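> One file: start22.tsv (TSV, C-alpha atoms).
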```
chain	number	residue	atom	x	y	z
R	1	MET	CA	-19.32	4.52	35.07
R	2	LYS	CA	-20.47	6.94	32.40
R	3	SER	CA	-17.18	8.87	32.58
R	4	VAL	CA	-15.13	5.66	32.31
R	5	ILE	CA	-16.99	4.70	29.12
R	6	SER	CA	-16.49	8.21	27.73
R	7	ILE	CA	-12.75	8.07	28.43
R	8	LEU	CA	-12.43	4.60	26.83
R	9	THR	CA	-14.37	5.77	23.77
R	10	LEU	CA	-12.08	8.79	23.45
R	11	ILE	CA	-8.94	6.63	23.73
R	12	VAL	CA	-10.18	4.18	21.07
R	13	THR	CA	-11.19	7.04	18.74
R	14	LEU	CA	-7.82	8.77	19.10
R	15	SER	CA	-5.88	5.56	18.55
R	16	LEU	CA	-7.85	4.76	15.38
R	17	GLN	CA	-7.31	8.27	14.02
R	18	GLY	CA	-3.60	8.02	14.73
R	19	GLN	CA	-2.99	4.84	12.72
R	20	SER	CA	-0.25	5.48	10.23
R	21	ILE	CA	0.52	3.67	7.01
R	22	VAL	CA	4.26	4.13	7.57
R	23	GLY	CA	6.03	0.79	7.94
R	24	LYS	CA	6.37	-2.53	6.18
R	25	TRP	CA	3.38	-4.35	4.68
R	26	LYS	CA	3.06	-7.85	3.22
R	27	THR	CA	1.14	-7.99	-0.06
R	28	ILE	CA	-0.97	-11.04	-0.81
R	29	ASP	CA	-1.68	-12.50	-4.26
R	30	ASP	CA	-5.41	-12.19	-5.01
R	31	GLU	CA	-5.60	-15.54	-6.79
R	32	THR	CA	-3.36	-17.81	-4.70
R	33	GLY	CA	-3.56	-16.14	-1.28
R	34	LYS	CA	0.24	-16.44	-1.02
R	35	PRO	CA	2.55	-13.58	0.02
R	36	ARG	CA	4.00	-11.73	-3.00
R	37	SER	CA	6.10	-8.89	-1.64
R	38	ILE	CA	6.99	-6.57	1.20
R	39	VAL	CA	6.28	-2.89	0.55
R	40	GLU	CA	7.89	-0.30	2.80
R	41	ILE	CA	5.85	2.90	3.10
R	42	TYR	CA	7.58	6.07	4.23
R	43	GLU	CA	6.99	9.81	4.41
R	44	LYS	CA	9.04	12.27	2.37
R	45	GLN	CA	8.38	16.03	2.40
R	46	GLY	CA	4.81	15.62	3.64
R	47	LYS	CA	3.82	12.95	1.10
R	48	PHE	CA	3.84	9.17	1.36
R	49	TYR	CA	5.64	6.70	-0.87
R	50	GLY	CA	6.09	2.95	-1.00
R	51	LYS	CA	8.85	0.80	-2.41
R	52	ILE	CA	9.21	-2.95	-2.78
R	53	SER	CA	11.83	-4.16	-0.34
R	54	LYS	CA	11.40	-7.93	-0.80
R	55	LEU	CA	9.78	-10.39	-3.20
R	56	PHE	CA	8.52	-13.86	-2.33
R	57	ARG	CA	9.35	-15.89	-5.42
R	58	GLU	CA	8.23	-19.36	-6.46
R	59	LEU	CA	10.71	-21.99	-7.63
R	60	GLY	CA	11.71	-21.16	-11.19
R	61	GLU	CA	10.79	-17.47	-10.96
R	62	ASP	CA	13.49	-14.86	-11.45
R	63	PRO	CA	14.63	-13.91	-7.91
R	64	ASP	CA	15.55	-10.36	-9.00
R	65	PRO	CA	13.20	-9.42	-11.87
R	66	ILE	CA	13.04	-6.18	-13.81
R	67	CYS	CA	9.89	-4.30	-14.82
R	68	ASP	CA	9.50	-5.33	-18.46
R	69	GLU	CA	5.93	-4.03	-18.58
R	70	CYS	CA	6.59	-0.54	-17.18
R	71	GLU	CA	6.21	2.27	-19.71
R	72	ASP	CA	7.60	5.16	-17.66
R	73	ASP	CA	11.06	5.83	-16.21
R	74	ARG	CA	10.84	2.52	-14.31
R	75	GLU	CA	11.00	0.48	-17.54
R	76	GLY	CA	13.81	-2.06	-17.37
R	77	LYS	CA	14.56	-1.28	-13.71
R	78	LYS	CA	14.74	-3.84	-10.91
R	79	ILE	CA	11.46	-4.38	-9.08
R	80	ILE	CA	13.18	-4.82	-5.71
R	81	GLY	CA	13.76	-1.27	-4.51
R	82	MET	CA	11.25	0.16	-6.99
R	83	GLU	CA	8.92	2.92	-5.80
R	84	ILE	CA	5.40	1.71	-6.62
R	85	ILE	CA	3.36	4.12	-4.46
R	86	THR	CA	3.88	7.83	-5.12
R	87	ASP	CA	2.65	11.23	-3.94
R	88	MET	CA	0.04	10.08	-1.42
R	89	LYS	CA	-1.41	12.88	0.71
R	90	TYR	CA	-3.03	12.38	4.11
R	91	ASN	CA	-6.59	13.65	4.54
R	92	LYS	CA	-7.17	13.97	8.27
R	93	GLY	CA	-10.93	14.51	7.87
R	94	ASP	CA	-11.42	11.17	6.11
R	95	ASN	CA	-8.45	9.48	7.81
R	96	LEU	CA	-7.17	8.21	4.47
R	97	TYR	CA	-4.30	8.76	2.09
R	98	HIS	CA	-5.18	9.76	-1.47
R	99	LYS	CA	-4.30	11.78	-4.60
R	100	GLY	CA	-1.35	9.53	-5.37
R	101	GLU	CA	-0.71	6.59	-7.65
R	102	ILE	CA	0.23	2.94	-7.44
R	103	LEU	CA	2.07	0.87	-10.04
R	104	ASP	CA	1.44	-2.82	-10.62
R	105	PRO	CA	4.90	-3.97	-11.78
R	106	GLU	CA	3.49	-7.24	-13.13
R	107	ASN	CA	1.54	-5.49	-15.89
R	108	GLY	CA	2.96	-1.95	-15.85
R	109	ASN	CA	-0.43	-0.35	-15.14
R	110	ILE	CA	-0.58	2.79	-13.00
R	111	TYR	CA	-3.72	3.45	-10.98
R	112	ASP	CA	-5.04	6.30	-8.87
R	113	CYS	CA	-4.78	5.14	-5.29
R	114	ARG	CA	-6.32	5.42	-1.82
R	115	LEU	CA	-4.86	3.89	1.33
R	116	TRP	CA	-6.26	3.52	4.83
R	117	VAL	CA	-5.75	1.38	7.92
R	118	GLU	CA	-8.63	-0.85	8.95
R	119	ASP	CA	-8.46	-3.39	11.77
R	120	GLY	CA	-4.66	-3.08	11.81
R	121	ASN	CA	-4.36	-3.96	8.10
R	122	LEU	CA	-3.67	-1.65	5.19
R	123	LYS	CA	-6.44	-1.30	2.63
R	124	VAL	CA	-5.05	-0.47	-0.81
R	125	ARG	CA	-7.54	0.63	-3.45
R	126	GLY	CA	-6.49	1.19	-7.06
R	127	TYR	CA	-8.81	3.08	-9.41
R	128	LEU	CA	-9.10	3.10	-13.17
R	129	LEU	CA	-11.88	5.51	-14.12
R	130	PHE	CA	-14.92	4.28	-12.14
R	131	PHE	CA	-13.60	0.78	-11.60
R	132	TYR	CA	-11.56	-0.17	-8.56
R	133	ARG	CA	-10.06	-3.10	-6.73
R	134	THR	CA	-9.18	-3.20	-3.05
R	135	GLN	CA	-6.45	-5.38	-1.56
R	136	THR	CA	-5.66	-6.00	2.08
R	137	TRP	CA	-1.98	-5.81	3.02
R	138	LEU	CA	-0.82	-7.24	6.34
R	139	PRO	CA	1.63	-5.66	8.81
R	140	TYR	CA	5.11	-7.14	8.44
R	141	GLU	CA	7.49	-7.40	11.36
R	142	GLY	CA	10.30	-9.34	9.70
R	143	GLU	CA	13.70	-8.16	8.53
```
Can the structure in the file be given as structure tokens, please?

Amino acid sequence: MKSVISILTLIVTLSLQGQSIVGKWKTIDDETGKPRSIVEIYEKQGKFYGKISKLFRELGEDPDPICDECEDDREGKKIIGMEIITDMKYNKGDNLYHKGEILDPENGNIYDCRLWVEDGNLKVRGYLLFFYRTQTWLPYEGE
């Protein structure tokens, strides 16, 4: 019995360590609780990036908006297809992704970022100095 428990513990530990952020994630609006977008996270040359692949728009909202608030090379570019997560590096010891940035296209702010998988959801933490906010993004299996 002791060996069965040890094997199960090892399997659970290995599966938790192996959780990747690569894939599609549904973002949720903090205030309304409604879905806002789908972000596709992918690996490129050992770093991780995320781009908006879909927006959930309310009636009357521009279905294909541009980033009016961006102040970098994304200014005036379409939000759908925009890379909002950049240069994330995986830290195996902490099992998190860090040292990258995330853009909030609604206000143009860029934050230092940390990402990790917890209970099958993606935790996204943006930092500005010592202040931070953490969102929970949900796995997305749709188109």
> When you draw a straight line from atom CA of Tyr140 of chain R to atom CA of Gly23 of chain R, how long is it in Å?
8.0 Å
> Under the rule that all atoms listed in the file are counted, which of R:Asn91, R:Asp68, R:Thr136, R:Met82 is the nearest residue to Lys54 of chain R?
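Looking only at the distances to Lys54 of chain R, the closest residue turns out to be R:Met82.
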> Could you state the separation of atom CA of Gly46 of chain R and atom CA of Tyr97 of chain R in Å, given to one decimal place?
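These two atoms are separated by 11.5 Å.
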> Rank nothing, just name the residue among R:Glu58, R:Ile38, R:Pro105, R:Ser53 nearest to Lys77 of chain R, using all atoms listed in the file.
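When distances to Lys77 of chain R are compared using all atoms listed in the file, the smallest one comes from R:Pro105.
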> When distances are computed from only C-alpha atoms, which of R:Ile85, R:Leu103, R:Leu138, R:Ile28 shows the smallest separation from Cys67 of chain R?
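Among R:Ile85, R:Leu103, R:Leu138, R:Ile28, it is R:Leu103 that comes nearest to Cys67 of chain R.
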> Considering all atoms listed in the file, can you say which of R:Ile21, R:Met88, R:Gly142, R:Tyr132 comes closest to Gln45 of chain R?
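Result for the nearest residue to Gln45 of chain R: R:Met88.
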> In terms of the shortest atom-to-atom distance over all atoms listed in the file, which of R:Ile80, R:Leu122, R:Ile52, R:Val39 is closest to Pro65 of chain R?
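Nearest to Pro65 of chain R: R:Ile80.
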